[in-house]
file query21.cif (mmCIF, C-alpha atoms and all ligand atoms)
data_data
#
loop_
_atom_site.label_atom_id
_atom_site.label_comp_id
_atom_site.auth_asym_id
_atom_site.auth_seq_id
_atom_site.Cartn_x
_atom_site.Cartn_y
_atom_site.Cartn_z
CA MET A 10 16.80 25.71 25.75
CA PHE A 11 19.30 28.01 27.49
CA CYS A 12 23.06 27.77 27.20
CA TYR A 13 24.75 28.30 30.55
CA GLN A 14 28.02 29.20 28.91
CA CYS A 15 27.12 31.91 26.39
CA GLU A 16 23.95 32.75 28.32
CA GLN A 17 21.87 32.80 25.15
CA THR A 18 19.30 30.63 23.47
CA PRO A 19 21.29 28.62 20.96
CA LYS A 20 20.48 29.61 17.40
CA GLY A 21 19.83 27.13 14.63
CA GLY A 22 22.90 25.10 13.86
CA CYS A 23 24.52 25.51 17.29
CA THR A 24 25.70 22.10 18.41
CA LYS A 25 28.06 23.26 21.13
CA ILE A 26 25.80 24.12 24.00
CA GLY A 27 28.01 25.05 26.90
CA VAL A 28 31.24 25.44 25.00
CA CYS A 29 30.46 28.23 22.55
CA GLY A 30 30.49 32.01 22.72
CA LYS A 31 32.90 33.13 25.42
CA ASP A 32 35.01 29.98 25.22
CA GLU A 33 35.83 29.55 21.56
CA ASN A 34 39.37 28.43 22.45
CA ILE A 35 38.09 25.66 24.70
CA SER A 36 35.52 24.70 22.10
CA SER A 37 38.26 24.56 19.48
CA LEU A 38 40.53 22.47 21.72
CA GLN A 39 37.66 20.09 22.43
CA ASP A 40 37.07 19.69 18.69
CA THR A 41 40.79 19.00 18.24
CA ILE A 42 40.74 16.41 21.03
CA ILE A 43 37.64 14.67 19.63
CA PHE A 44 39.12 14.53 16.12
CA ALA A 45 42.33 13.05 17.50
CA LEU A 46 40.37 10.48 19.55
CA LYS A 47 38.70 9.28 16.36
CA GLY A 48 42.15 8.64 14.90
CA ILE A 49 43.26 6.84 18.06
CA ALA A 50 40.08 4.75 17.98
CA ALA A 51 40.87 3.62 14.44
CA TYR A 52 44.41 2.54 15.34
CA ALA A 53 43.25 0.91 18.59
CA THR A 54 40.58 -1.06 16.70
CA HIS A 55 43.15 -2.36 14.19
CA ALA A 56 45.53 -3.31 17.02
CA ARG A 57 42.76 -5.09 18.94
CA GLN A 58 41.84 -7.05 15.81
CA LEU A 59 45.42 -8.35 15.88
CA GLY A 60 45.23 -9.21 19.60
CA TYR A 61 46.85 -6.08 21.06
CA SER A 62 45.38 -3.43 23.35
CA ASP A 63 46.62 -0.84 25.81
CA SER A 64 44.65 -0.02 28.94
CA GLU A 65 46.36 3.37 29.36
CA VAL A 66 45.30 4.45 25.86
CA ASP A 67 41.77 3.28 26.62
CA ALA A 68 41.76 5.21 29.93
CA ILE A 69 42.98 8.43 28.25
CA THR A 70 40.35 8.02 25.53
CA HIS A 71 37.58 7.73 28.12
CA GLU A 72 38.92 10.60 30.24
CA ALA A 73 39.29 12.88 27.24
CA LEU A 74 35.80 12.16 25.92
CA TYR A 75 34.38 12.64 29.41
CA THR A 76 36.09 16.04 29.64
CA THR A 77 34.30 17.17 26.49
CA LEU A 78 30.89 16.68 28.12
CA THR A 79 28.91 19.89 28.41
CA ASN A 80 29.79 22.03 31.43
CA VAL A 81 32.57 19.88 32.88
CA ASN A 82 35.72 21.92 32.44
CA PHE A 83 36.23 25.56 31.47
CA ASN A 84 39.98 25.69 32.13
CA LEU A 85 42.08 26.43 29.05
CA GLN A 86 45.40 25.18 30.43
CA GLU A 87 43.81 21.90 31.51
CA HIS A 88 42.50 21.44 27.97
CA ILE A 89 45.96 22.08 26.54
CA ALA A 90 47.39 19.51 28.97
CA LEU A 91 44.67 17.05 27.97
CA ALA A 92 45.46 17.57 24.27
CA MET A 93 49.10 16.67 25.03
CA LYS A 94 47.94 13.59 26.92
CA VAL A 95 45.89 12.56 23.88
CA GLY A 96 49.01 13.16 21.76
CA GLY A 97 50.94 10.81 24.07
CA ALA A 98 48.22 8.20 23.64
CA THR A 99 48.55 8.55 19.84
CA VAL A 100 52.28 7.84 20.00
CA LYS A 101 51.60 4.82 22.18
CA ILE A 102 48.86 3.35 20.01
CA MET A 103 50.85 3.86 16.77
CA ASP A 104 53.74 2.03 18.42
CA LEU A 105 51.44 -0.79 19.54
CA LEU A 106 49.90 -1.13 16.09
CA ASP A 107 53.35 -1.29 14.54
CA LYS A 108 54.25 -4.08 17.00
CA ALA A 109 51.02 -5.90 16.11
CA HIS A 110 51.72 -5.59 12.37
CA THR A 111 55.39 -6.62 12.51
CA ALA A 112 54.79 -9.49 14.96
CA ARG A 113 52.29 -11.01 12.54
CA LEU A 114 53.57 -9.90 9.16
CA GLY A 115 57.32 -9.40 9.70
CA ILE A 116 59.48 -6.29 9.35
CA PRO A 117 58.77 -4.54 6.03
CA GLN A 118 61.55 -4.57 3.46
CA PRO A 119 62.00 -2.01 0.67
CA VAL A 120 60.28 -3.17 -2.50
CA VAL A 121 59.57 -1.84 -5.98
CA VAL A 122 55.87 -2.32 -6.73
CA PRO A 123 54.33 -2.50 -10.23
CA GLN A 124 51.91 0.39 -10.63
CA ASN A 125 48.69 0.42 -12.68
CA ARG A 126 49.35 -2.89 -14.46
CA VAL A 127 46.29 -5.14 -14.03
CA GLU A 128 45.95 -8.67 -15.32
CA GLY A 129 43.43 -11.51 -15.15
CA LYS A 130 40.62 -11.90 -12.62
CA CYS A 131 41.27 -9.21 -10.05
CA ILE A 132 40.40 -7.57 -6.74
CA VAL A 133 41.59 -4.16 -5.53
CA VAL A 134 41.80 -3.49 -1.78
CA THR A 135 41.65 0.04 -0.38
CA GLY A 136 41.97 1.36 3.18
CA HIS A 137 44.43 0.61 5.98
CA ASN A 138 43.47 -2.82 7.35
CA LEU A 139 46.40 -5.21 6.76
CA PHE A 140 44.61 -7.97 8.67
CA ALA A 141 41.77 -7.90 6.13
CA LEU A 142 44.26 -7.99 3.26
CA GLU A 143 46.04 -10.99 4.77
CA GLU A 144 42.76 -12.86 5.20
CA LEU A 145 41.80 -12.09 1.61
CA LEU A 146 45.18 -13.25 0.30
CA LYS A 147 44.78 -16.55 2.17
CA GLN A 148 41.28 -17.09 0.79
CA THR A 149 42.18 -16.17 -2.81
CA GLU A 150 45.38 -18.27 -2.95
CA GLY A 151 45.24 -20.76 -5.83
CA LYS A 152 41.92 -19.39 -7.14
CA GLY A 153 43.39 -17.58 -10.17
CA ILE A 154 42.67 -14.10 -8.80
CA ASN A 155 45.25 -11.30 -8.69
CA VAL A 156 45.07 -8.87 -5.76
CA TYR A 157 46.00 -5.20 -6.10
CA THR A 158 46.40 -2.48 -3.46
CA HIS A 159 45.13 1.09 -3.56
CA SER A 160 46.19 4.21 -1.63
CA GLU A 161 47.16 3.43 2.01
CA MET A 162 47.42 -0.29 1.17
CA LEU A 163 50.55 0.30 -0.94
CA PRO A 164 52.98 -0.33 1.98
CA ALA A 165 51.48 -3.82 2.40
CA HIS A 166 53.85 -4.99 -0.36
CA GLY A 167 56.83 -4.58 1.99
CA TYR A 168 55.62 -7.03 4.67
CA PRO A 169 57.22 -10.48 4.20
CA GLN A 170 54.09 -12.39 5.26
CA LEU A 171 52.00 -10.53 2.66
CA LYS A 172 54.67 -10.32 -0.03
CA LYS A 173 55.00 -14.12 0.01
CA TYR A 174 51.65 -14.38 -1.78
CA ALA A 175 52.57 -14.37 -5.49
CA HIS A 176 49.08 -13.16 -6.40
CA LEU A 177 49.61 -9.88 -4.52
CA LYS A 178 50.56 -8.27 -7.80
CA GLY A 179 50.81 -4.52 -7.57
CA ASN A 180 49.17 -1.18 -6.84
CA VAL A 181 46.63 0.86 -8.74
CA GLY A 182 45.76 4.54 -8.44
CA LYS A 183 46.92 7.14 -5.98
CA ALA A 184 45.41 8.73 -2.84
CA TRP A 185 41.91 7.82 -1.63
CA TYR A 186 39.98 10.46 -3.56
CA ASP A 187 40.63 8.98 -7.03
CA GLN A 188 38.27 6.10 -6.16
CA ARG A 189 35.30 7.11 -8.27
CA THR A 190 37.29 7.32 -11.49
CA LEU A 191 39.62 4.46 -10.65
CA PHE A 192 36.99 1.98 -9.47
CA GLU A 193 34.67 2.78 -12.37
CA GLN A 194 37.50 1.77 -14.72
CA PHE A 195 38.93 -1.09 -12.62
CA PRO A 196 37.74 -4.30 -14.27
CA GLY A 197 37.51 -6.44 -11.11
CA ALA A 198 35.92 -6.52 -7.66
CA ILE A 199 36.65 -3.92 -4.96
CA LEU A 200 37.13 -4.25 -1.18
CA ALA A 201 37.01 -1.22 1.17
CA THR A 202 38.55 -1.97 4.55
CA THR A 203 38.62 1.32 6.49
CA ASN A 204 37.94 5.04 6.43
CA CYS A 205 38.58 7.20 3.39
CA ILE A 206 36.04 5.53 1.16
CA MET A 207 33.83 7.66 -1.05
CA PRO A 208 30.08 7.26 -1.58
CA ILE A 209 29.65 5.70 -4.99
CA LYS A 210 28.97 7.83 -8.06
CA GLY A 211 29.05 5.45 -10.95
CA THR A 212 28.11 1.91 -11.84
CA TYR A 213 30.47 -0.15 -9.68
CA SER A 214 28.35 -0.69 -6.53
CA ASP A 215 27.63 -4.33 -7.48
CA ARG A 216 31.41 -4.95 -7.60
CA PHE A 217 32.07 -3.10 -4.34
CA PHE A 218 32.23 -4.82 -0.92
CA SER A 219 32.57 -3.18 2.49
CA TYR A 220 34.34 -4.61 5.54
CA ASP A 221 34.23 -4.00 9.28
CA VAL A 222 33.07 -0.45 10.10
CA THR A 223 32.93 0.65 6.46
CA GLY A 224 29.52 0.82 4.87
CA LEU A 225 27.85 2.20 1.78
CA GLU A 226 24.23 2.18 0.67
CA GLY A 227 23.55 -0.65 -1.77
CA VAL A 228 26.90 -2.33 -1.13
CA GLN A 229 27.33 -5.86 0.25
CA LYS A 230 29.16 -6.26 3.56
CA ILE A 231 31.77 -8.96 4.17
CA GLU A 232 30.63 -10.81 7.28
CA GLY A 233 32.80 -12.90 9.61
CA ASN A 234 35.92 -12.57 7.46
CA ASP A 235 34.32 -14.77 4.80
CA PHE A 236 35.34 -13.21 1.49
CA THR A 237 33.40 -15.72 -0.65
CA PRO A 238 30.97 -13.13 -2.13
CA LEU A 239 33.89 -10.91 -3.16
CA ILE A 240 35.82 -13.84 -4.61
CA ASP A 241 32.77 -15.09 -6.53
CA LYS A 242 32.21 -11.62 -7.95
CA ALA A 243 35.85 -11.34 -9.08
CA LEU A 244 35.64 -14.76 -10.76
CA SER A 245 32.46 -13.75 -12.60
CA LEU A 246 34.10 -10.73 -14.29
CA TYR A 247 36.16 -10.56 -17.47
CA ASP A 248 39.94 -10.96 -17.37
CA ALA A 249 41.82 -7.66 -17.19
CA ASP A 250 44.70 -6.80 -19.48
CA ILE A 251 45.94 -3.31 -18.60
CA GLU A 252 49.56 -2.56 -19.48
CA SER A 253 51.83 -0.22 -17.53
CA ASP A 254 55.55 -0.09 -16.86
CA GLN A 255 55.24 2.32 -13.91
CA THR A 256 56.60 1.36 -10.50
CA LEU A 257 56.54 2.75 -6.94
CA LEU A 258 59.06 2.31 -4.13
CA THR A 259 57.78 1.51 -0.62
CA GLY A 260 58.35 -0.82 2.33
CA PHE A 261 60.86 0.95 4.56
CA HIS A 262 60.54 0.47 8.30
CA HIS A 263 62.38 2.31 11.05
CA GLU A 264 64.29 -0.87 11.90
CA THR A 265 65.47 -1.17 8.28
CA VAL A 266 66.51 2.47 8.24
CA LEU A 267 68.19 2.24 11.64
CA GLY A 268 70.04 -0.81 10.31
CA ILE A 269 72.01 1.60 8.11
CA ALA A 270 72.26 4.26 10.84
CA PRO A 271 76.11 4.19 10.93
CA GLU A 272 76.21 4.91 7.18
CA ILE A 273 73.63 7.71 7.58
CA ILE A 274 75.49 9.26 10.51
CA GLU A 275 78.78 9.12 8.59
CA ALA A 276 77.09 10.75 5.57
CA VAL A 277 75.80 13.58 7.77
CA LYS A 278 79.22 14.08 9.38
CA SER A 279 81.01 14.12 6.03
CA GLY A 280 78.48 16.59 4.59
CA LYS A 281 77.04 14.15 2.06
CA ILE A 282 73.62 14.51 3.74
CA ARG A 283 72.71 18.13 4.47
CA ARG A 284 69.19 17.75 5.80
CA PHE A 285 66.24 15.37 6.33
CA PHE A 286 62.72 16.32 5.29
CA VAL A 287 59.63 14.56 6.60
CA ILE A 288 56.98 15.33 3.98
CA ALA A 289 53.94 13.38 5.06
CA GLY A 290 50.27 13.39 5.89
CA CYS A 291 46.81 13.02 4.45
CA ASP A 292 46.21 14.12 0.88
CA ALA A 293 43.08 15.94 -0.19
CA PRO A 294 41.65 16.90 -3.57
CA GLY A 295 42.60 20.27 -4.96
CA LYS A 296 45.57 22.31 -6.03
CA GLY A 297 46.81 22.82 -2.44
CA GLY A 298 48.57 19.46 -2.54
CA GLU A 299 50.77 20.60 -5.41
CA TYR A 300 52.85 22.41 -2.78
CA TYR A 301 54.12 19.04 -1.53
CA ARG A 302 55.19 17.88 -4.99
CA GLU A 303 56.96 21.17 -5.67
CA LEU A 304 58.70 20.96 -2.30
CA ALA A 305 59.79 17.33 -2.80
CA LEU A 306 61.05 18.11 -6.31
CA SER A 307 62.96 21.15 -5.05
CA VAL A 308 64.65 19.49 -2.09
CA PRO A 309 68.40 19.55 -2.88
CA LYS A 310 70.10 16.33 -3.96
CA ASP A 311 72.05 16.10 -0.68
CA CYS A 312 68.84 15.78 1.35
CA VAL A 313 66.71 12.75 2.28
CA ILE A 314 62.89 12.69 2.16
CA LEU A 315 61.01 10.53 4.67
CA THR A 316 57.30 10.03 4.11
CA THR A 317 54.15 8.24 5.31
CA SER A 318 50.41 8.33 4.57
CA CYS A 319 48.61 8.99 1.30
CA GLY A 320 50.07 12.49 0.82
CA LYS A 321 53.11 10.78 -0.71
CA PHE A 322 51.10 10.01 -3.86
CA ARG A 323 51.71 13.65 -4.77
CA PHE A 324 55.38 12.81 -5.40
CA ASN A 325 56.14 9.08 -5.04
CA ASP A 326 56.19 8.57 -8.81
CA ILE A 327 59.53 10.45 -8.89
CA ASP A 328 62.79 8.50 -8.87
CA PHE A 329 64.78 10.36 -6.20
CA GLY A 330 67.81 8.05 -6.50
CA THR A 331 70.45 7.86 -3.78
CA ILE A 332 72.65 10.31 -1.91
CA ASP A 333 75.81 10.85 -3.97
CA GLY A 334 78.69 8.56 -3.02
CA THR A 335 76.45 6.36 -0.84
CA GLY A 336 73.75 3.74 -1.25
CA ILE A 337 71.38 5.72 0.99
CA PRO A 338 68.01 6.23 -0.75
CA ARG A 339 66.82 9.84 -1.00
CA PHE A 340 63.18 8.72 -0.74
CA ILE A 341 62.13 6.60 2.23
CA ASP A 342 58.46 5.57 2.38
CA LEU A 343 57.82 4.43 5.95
CA GLY A 344 54.27 3.30 5.26
CA GLN A 345 50.74 4.24 6.27
CA CYS A 346 49.71 7.20 8.45
CA ASN A 347 50.01 4.98 11.54
CA ASN A 348 53.68 4.46 10.67
CA SER A 349 54.38 8.14 11.37
CA GLY A 350 55.87 6.91 14.65
CA SER A 351 58.68 5.38 12.56
CA ALA A 352 59.78 8.85 11.43
CA VAL A 353 59.89 9.92 15.09
CA LYS A 354 61.92 6.83 16.06
CA ILE A 355 64.47 7.57 13.33
CA ALA A 356 64.69 11.21 14.43
CA VAL A 357 65.14 10.25 18.10
CA ALA A 358 67.88 7.73 17.20
CA LEU A 359 69.72 10.33 15.09
CA ALA A 360 69.41 12.90 17.89
CA GLU A 361 70.89 10.42 20.35
CA ALA A 362 73.75 9.65 17.96
CA PHE A 363 74.55 13.34 17.54
CA GLY A 364 74.02 14.16 21.23
CA CYS A 365 71.34 16.77 20.55
CA SER A 366 67.56 17.12 20.74
CA VAL A 367 65.25 16.26 17.83
CA ASN A 368 64.64 20.00 17.41
CA ASP A 369 68.37 20.59 16.90
CA LEU A 370 68.68 18.01 14.10
CA PRO A 371 68.98 19.12 10.47
CA LEU A 372 65.34 18.08 10.06
CA SER A 373 62.25 19.80 8.69
CA ILE A 374 58.75 18.37 9.12
CA VAL A 375 56.08 19.41 6.62
CA LEU A 376 52.66 17.83 7.09
CA SER A 377 49.48 17.85 5.08
CA TRP A 378 46.38 17.43 7.18
CA PHE A 379 42.97 16.35 6.03
CA GLU A 380 41.20 14.14 8.51
CA GLN A 381 41.16 12.93 12.10
CA LYS A 382 44.21 10.65 12.06
CA ALA A 383 46.40 13.56 10.95
CA VAL A 384 45.16 15.58 13.95
CA ALA A 385 46.09 12.72 16.29
CA ILE A 386 49.57 12.51 14.74
CA LEU A 387 50.09 16.27 15.05
CA LEU A 388 49.19 16.12 18.77
CA GLY A 389 51.54 13.13 19.06
CA LEU A 390 54.43 15.18 17.67
CA PHE A 391 53.61 18.08 20.01
CA SER A 392 53.49 15.71 22.99
CA LEU A 393 57.06 14.66 22.12
CA GLY A 394 58.16 18.30 22.11
CA VAL A 395 58.77 18.42 18.34
CA LYS A 396 58.77 22.05 17.19
CA ASN A 397 58.73 24.15 14.02
CA ILE A 398 56.39 21.85 12.08
CA TYR A 399 54.87 23.25 8.89
CA ILE A 400 51.25 22.30 8.22
CA GLY A 401 49.11 22.91 5.16
CA PRO A 402 47.84 23.24 2.59
CA LYS A 403 45.55 25.50 4.65
CA ALA A 404 44.94 26.18 8.32
CA PRO A 405 42.62 23.72 10.09
CA GLU A 406 39.35 25.66 10.14
CA TRP A 407 38.27 24.55 13.62
CA LEU A 408 41.35 26.03 15.29
CA ALA A 409 40.34 29.25 17.04
CA PRO A 410 42.80 32.19 16.80
CA GLY A 411 43.69 31.78 20.49
CA VAL A 412 44.60 28.11 19.97
CA VAL A 413 46.65 28.97 16.88
CA ASP A 414 48.54 31.52 19.01
CA VAL A 415 49.29 28.86 21.63
CA LEU A 416 50.55 26.44 18.96
CA VAL A 417 52.64 29.11 17.25
CA ASN A 418 54.14 30.43 20.49
CA THR A 419 54.68 27.08 22.21
CA PHE A 420 55.56 24.82 19.29
CA GLY A 421 56.63 27.22 16.54
CA LEU A 422 53.87 25.81 14.30
CA LYS A 423 53.98 27.34 10.82
CA LEU A 424 51.53 27.35 7.95
CA THR A 425 52.86 26.34 4.55
CA GLY A 426 53.03 29.19 2.07
CA ASN A 427 55.19 29.37 -1.03
CA ALA A 428 57.15 26.14 -1.48
CA GLN A 429 60.35 27.86 -2.65
CA GLU A 430 60.31 30.44 0.14
CA ASP A 431 59.51 27.79 2.76
CA LEU A 432 62.33 25.59 1.46
CA LYS A 433 64.76 28.51 1.63
CA ALA A 434 63.74 29.13 5.25
CA MET A 435 64.09 25.42 6.13
CA LEU A 436 67.52 25.16 4.53
CA GLY A 437 68.58 28.48 6.01
S1 LIG B 1 46.50 9.12 5.06
FE1 LIG B 1 44.72 10.19 5.89
S2 LIG B 1 43.49 10.86 4.11
FE2 LIG B 1 44.97 9.34 3.42
S3 LIG B 1 43.82 7.43 3.42
FE3 LIG B 1 44.97 7.54 5.40
S4 LIG B 1 43.54 8.55 6.85
FE4 LIG B 1 42.73 8.87 4.74
#

call {"tool": "encode", "arguments": {"input": "query21.cif", "output": "structure tokens"}}
result
Amino acid sequence: MFCYQCEQTPKGGCTKIGVCGKDENISSLQDTIIFALKGIAAYATHARQLGYSDSEVDAITHEALYTTLTNVNFNLQEHIALAMKVGGATVKIMDLLDKAHTARLGIPQPVVVPQNRVEGKCIVVTGHNLFALEELLKQTEGKGINVYTHSEMLPAHGYPQLKKYAHLKGNVGKAWYDQRTLFEQFPGAILATTNCIMPIKGTYSDRFFSYDVTGLEGVQKIEGNDFTPLIDKALSLYDADIESDQTLLTGFHHETVLGIAPEIIEAVKSGKIRRFFVIAGCDAPGKGGEYYRELALSVPKDCVILTTSCGKFRFNDIDFGTIDGTGIPRFIDLGQCNNSGSAVKIAVALAEAFGCSVNDLPLSIVLSWFEQKAVAILLGLFSLGVKNIYIGPKAPEWLAPGVVDVLVNTFGLKLTGNAQEDLKAMLG
């Protein structure tokens, strides 16, 4: 086999025939685009399940994938433009999914959720699929089973049409990667609805059920939205009795936040609010994520933290209280990763109110990336012209130096470093 691009015989492990060697920047951009498309595909699938689709997003997805075929396009600028187009599609599909969720489940309202307290016959639901959770709540109603959320399911508690089920009791655990320990100890049945599940190491596979695209060896799949096997399993297990007085705050939506926009604007004008921090993104195992906790803990008391995604589990156990002299919460959890569009909507509304651009607002955005949805969201922010974003805890390894240069020079992208020094720079 001969590669027409690098003019060599690909060595073992080369999977990029035609886009390697001389064109590492294009190869890197194509990887970025493909990762982002996976995120878009996830959001589009959830939206379609709820009866919503967008032909423009579909067309961009097809065009972008087509462009990554071997030997189609060797133009760097056209790849950058395509990445921005994919970013635009991300913004659109997040917006559509939000519409699909709120049309069916109502506008989320802030709620304090019991954390780690588990009682009776129980099921824990992990992943992002609110449709699956709603179906399960319907089918478990009146059966004496308590339902608990895990990780990205936490924001479900804010939706009126989910909250109305009294047996949706609380949340257990933190970000996705605590599953093996958590599920081993969880006394009930387990439902995985989307990505960010972990292959099982332990003895809980007979209590574990997969849904939709999720799948694990030796685990039973829920077919046709019939949760009977999961329900039967939960009923066959012992009653749980795990005490905890911990709580978590979630359930903000951009409409709720914009409902108090006059109070927020007044607080900014009077100096009660100095700055907004979006600290959001995908969490990953390891010490790198401690940066986000240190940053959130160090943010001055006259600043507001907005968050989404599972990265918030690094710091959402902290009671941040309210801005002095106001009722404005200092910690605003806007929901899952797909709710990142809500942070943008709030920023755009504030910019309009102050007659400036989003980049001129007293706003710092600090993201943690881990998987494909985070890449889609980052491109989405770039497509909206948002600059000076910090990303961490380390540089995405697939980004070639030339692409990093473009992102740094065009968008002022920064890598996170020392939390205190970064905070000083942001406040400065
Ligand atoms: S925020 Fe990212 S890492 Fe976390 S569960 Fe969602 S997709 Fe996975």

call {"tool": "closest_residue", "arguments": {"input": "query21.cif", "among": "A:Ala409, A:Met162, A:Ile154, A:Val417", "to": "ligand LIG 1 (chain B)", "atoms": "only C-alpha atoms and all ligand atoms"}}
result
A:Met162

call {"tool": "atom_distance", "arguments": {"input": "query21.cif", "atom1": "CA of Phe195 (chain A)", "atom2": "CA of Gly260 (chain A)"}}
result
24.5 Å

call {"tool": "closest_atom_pairs", "arguments": {"input": "query21.cif", "of": "chain A", "to": "ligand LIG 1 (chain B)", "cutoff": "8 Å", "atoms": "only C-alpha atoms and all ligand atoms", "output": "Markdown table"}}
result
| residue | atom | partner | partner_atom | distance |
| --- | --- | --- | --- | --- |
| A:Gly136 | CA | B:LIG1 | S3 | 6.4 |
| A:His137 | CA | B:LIG1 | FE3 | 7.0 |
| A:Ser160 | CA | B:LIG1 | S3 | 6.4 |
| A:Glu161 | CA | B:LIG1 | S3 | 5.4 |
| A:Ala184 | CA | B:LIG1 | FE2 | 6.3 |
| A:Trp185 | CA | B:LIG1 | S3 | 5.4 |
| A:Asn204 | CA | B:LIG1 | FE4 | 6.4 |
| A:Cys205 | CA | B:LIG1 | FE4 | 4.7 |
| A:Gly290 | CA | B:LIG1 | S1 | 5.8 |
| A:Cys291 | CA | B:LIG1 | FE1 | 3.8 |
| A:Asp292 | CA | B:LIG1 | S2 | 5.3 |
| A:Ala293 | CA | B:LIG1 | S2 | 6.7 |
| A:Thr317 | CA | B:LIG1 | S1 | 7.7 |
| A:Ser318 | CA | B:LIG1 | S1 | 4.0 |
| A:Cys319 | CA | B:LIG1 | FE2 | 4.2 |
| A:Gly320 | CA | B:LIG1 | S1 | 6.5 |
| A:Gln345 | CA | B:LIG1 | S1 | 6.6 |
| A:Cys346 | CA | B:LIG1 | S1 | 5.0 |
| A:Trp378 | CA | B:LIG1 | FE1 | 7.5 |
| A:Phe379 | CA | B:LIG1 | S2 | 5.8 |
| A:Glu380 | CA | B:LIG1 | FE1 | 5.9 |
| A:Gln381 | CA | B:LIG1 | S4 | 7.2 |
| A:Lys382 | CA | B:LIG1 | S4 | 5.7 |
| A:Ala383 | CA | B:LIG1 | FE1 | 6.3 |

call {"tool": "atom_distance", "arguments": {"input": "query21.cif", "atom1": "CA of Asp431 (chain A)", "atom2": "CA of Val367 (chain A)"}}
result
19.8 Å

call {"tool": "closest_residue", "arguments": {"input": "query21.cif", "among": "A:Gly151, A:Pro371, A:Gly211, A:Gly227", "to": "Arg283 (chain A)", "atoms": "all atoms listed in the file"}}
result
A:Pro371

call {"tool": "residues_around", "arguments": {"input": "query21.cif", "residues": "Ala358 (chain A)", "least_positions_apart": "4", "cutoff": "12 Å", "atoms": "only C-alpha atoms", "output": "count of residues only"}}
result
21

call {"tool": "atom_distance", "arguments": {"input": "query21.cif", "atom1": "CA of Asn348 (chain A)", "atom2": "CA of Lys396 (chain A)"}}
result
19.4 Å

call {"tool": "closest_atom_pairs", "arguments": {"input": "query21.cif", "of": "region 232-316 of chain A", "to": "region 333-339 of chain A", "cutoff": "9 Å", "atoms": "all atoms listed in the file", "output": "Markdown table"}}
result
| residue | atom | partner | partner_atom | distance |
| --- | --- | --- | --- | --- |
| A:Ile269 | CA | A:Ile337 | CA | 8.3 |
| A:Glu272 | CA | A:Ile337 | CA | 7.9 |
| A:Ile273 | CA | A:Ile337 | CA | 7.2 |
| A:Ala276 | CA | A:Thr335 | CA | 7.8 |
| A:Lys281 | CA | A:Asp333 | CA | 7.0 |
| A:Ile282 | CA | A:Asp333 | CA | 8.8 |
| A:Lys310 | CA | A:Arg339 | CA | 7.9 |
| A:Asp311 | CA | A:Asp333 | CA | 7.2 |
| A:Cys312 | CA | A:Arg339 | CA | 6.7 |
| A:Val313 | CA | A:Arg339 | CA | 4.4 |
| A:Ile314 | CA | A:Arg339 | CA | 5.8 |
| A:Leu315 | CA | A:Arg339 | CA | 8.1 |

call {"tool": "residues_around", "arguments": {"input": "query21.cif", "residues": "region 92-105 of chain A", "least_positions_apart": "5", "cutoff": "10 Å", "atoms": "only C-alpha atoms", "output": "PyMOL selection string"}}
result
chain A and resi 38-39+41-43+45-46+48-57+61-63+65-70+72-73+86-87+110-111+346-351+353-354+382+384-394

call {"tool": "residues_near_point", "arguments": {"input": "query21.cif", "point": "(46.2, 0.9, -5.4)", "cutoff": "9 Å", "atoms": "all atoms listed in the file", "output": "mmCIF file with C-alpha atoms, in the coordinates of the input"}}
result
data_model
loop_
_atom_site.group_PDB
_atom_site.id
_atom_site.type_symbol
_atom_site.label_atom_id
_atom_site.label_comp_id
_atom_site.auth_asym_id
_atom_site.auth_seq_id
_atom_site.Cartn_x
_atom_site.Cartn_y
_atom_site.Cartn_z
ATOM 1 C CA GLN A 124 51.910 0.390 -10.630
ATOM 2 C CA ASN A 125 48.690 0.420 -12.680
ATOM 3 C CA VAL A 133 41.590 -4.160 -5.530
ATOM 4 C CA VAL A 134 41.800 -3.490 -1.780
ATOM 5 C CA THR A 135 41.650 0.040 -0.380
ATOM 6 C CA TYR A 157 46.000 -5.200 -6.100
ATOM 7 C CA THR A 158 46.400 -2.480 -3.460
ATOM 8 C CA HIS A 159 45.130 1.090 -3.560
ATOM 9 C CA SER A 160 46.190 4.210 -1.630
ATOM 10 C CA GLU A 161 47.160 3.430 2.010
ATOM 11 C CA MET A 162 47.420 -0.290 1.170
ATOM 12 C CA LEU A 163 50.550 0.300 -0.940
ATOM 13 C CA GLY A 179 50.810 -4.520 -7.570
ATOM 14 C CA ASN A 180 49.170 -1.180 -6.840
ATOM 15 C CA VAL A 181 46.630 0.860 -8.740
ATOM 16 C CA GLY A 182 45.760 4.540 -8.440
ATOM 17 C CA LYS A 183 46.920 7.140 -5.980
ATOM 18 C CA ALA A 184 45.410 8.730 -2.840
ATOM 19 C CA TRP A 185 41.910 7.820 -1.630
#

call {"tool": "closest_residue", "arguments": {"input": "query21.cif", "among": "A:Ser373, A:Leu171, A:Val357, A:Gln429", "to": "Gln118 (chain A)", "atoms": "only C-alpha atoms"}}
result
A:Leu171

call {"tool": "residues_near_point", "arguments": {"input": "query21.cif", "point": "(57.0, -13.7, 4.4)", "cutoff": "10 Å", "atoms": "only C-alpha atoms", "output": "PyMOL selection string"}}
result
chain A and resi 113-117+167-174

call {"tool": "closest_residue", "arguments": {"input": "query21.cif", "among": "A:Asn397, A:Tyr213, A:Ile89, A:Ile132", "to": "Asn418 (chain A)", "atoms": "all atoms listed in the file"}}
result
A:Asn397

call {"tool": "axis_aligned_box", "arguments": {"input": "query21.cif", "around": "region 36-52 of chain A", "padding_each_side": "8 Å", "output": "lines of an AutoDock Vina configuration file"}}
result
center_x = 40.0
center_y = 13.6
center_z = 18.4
size_x = 24.9
size_y = 38.2
size_z = 24.0
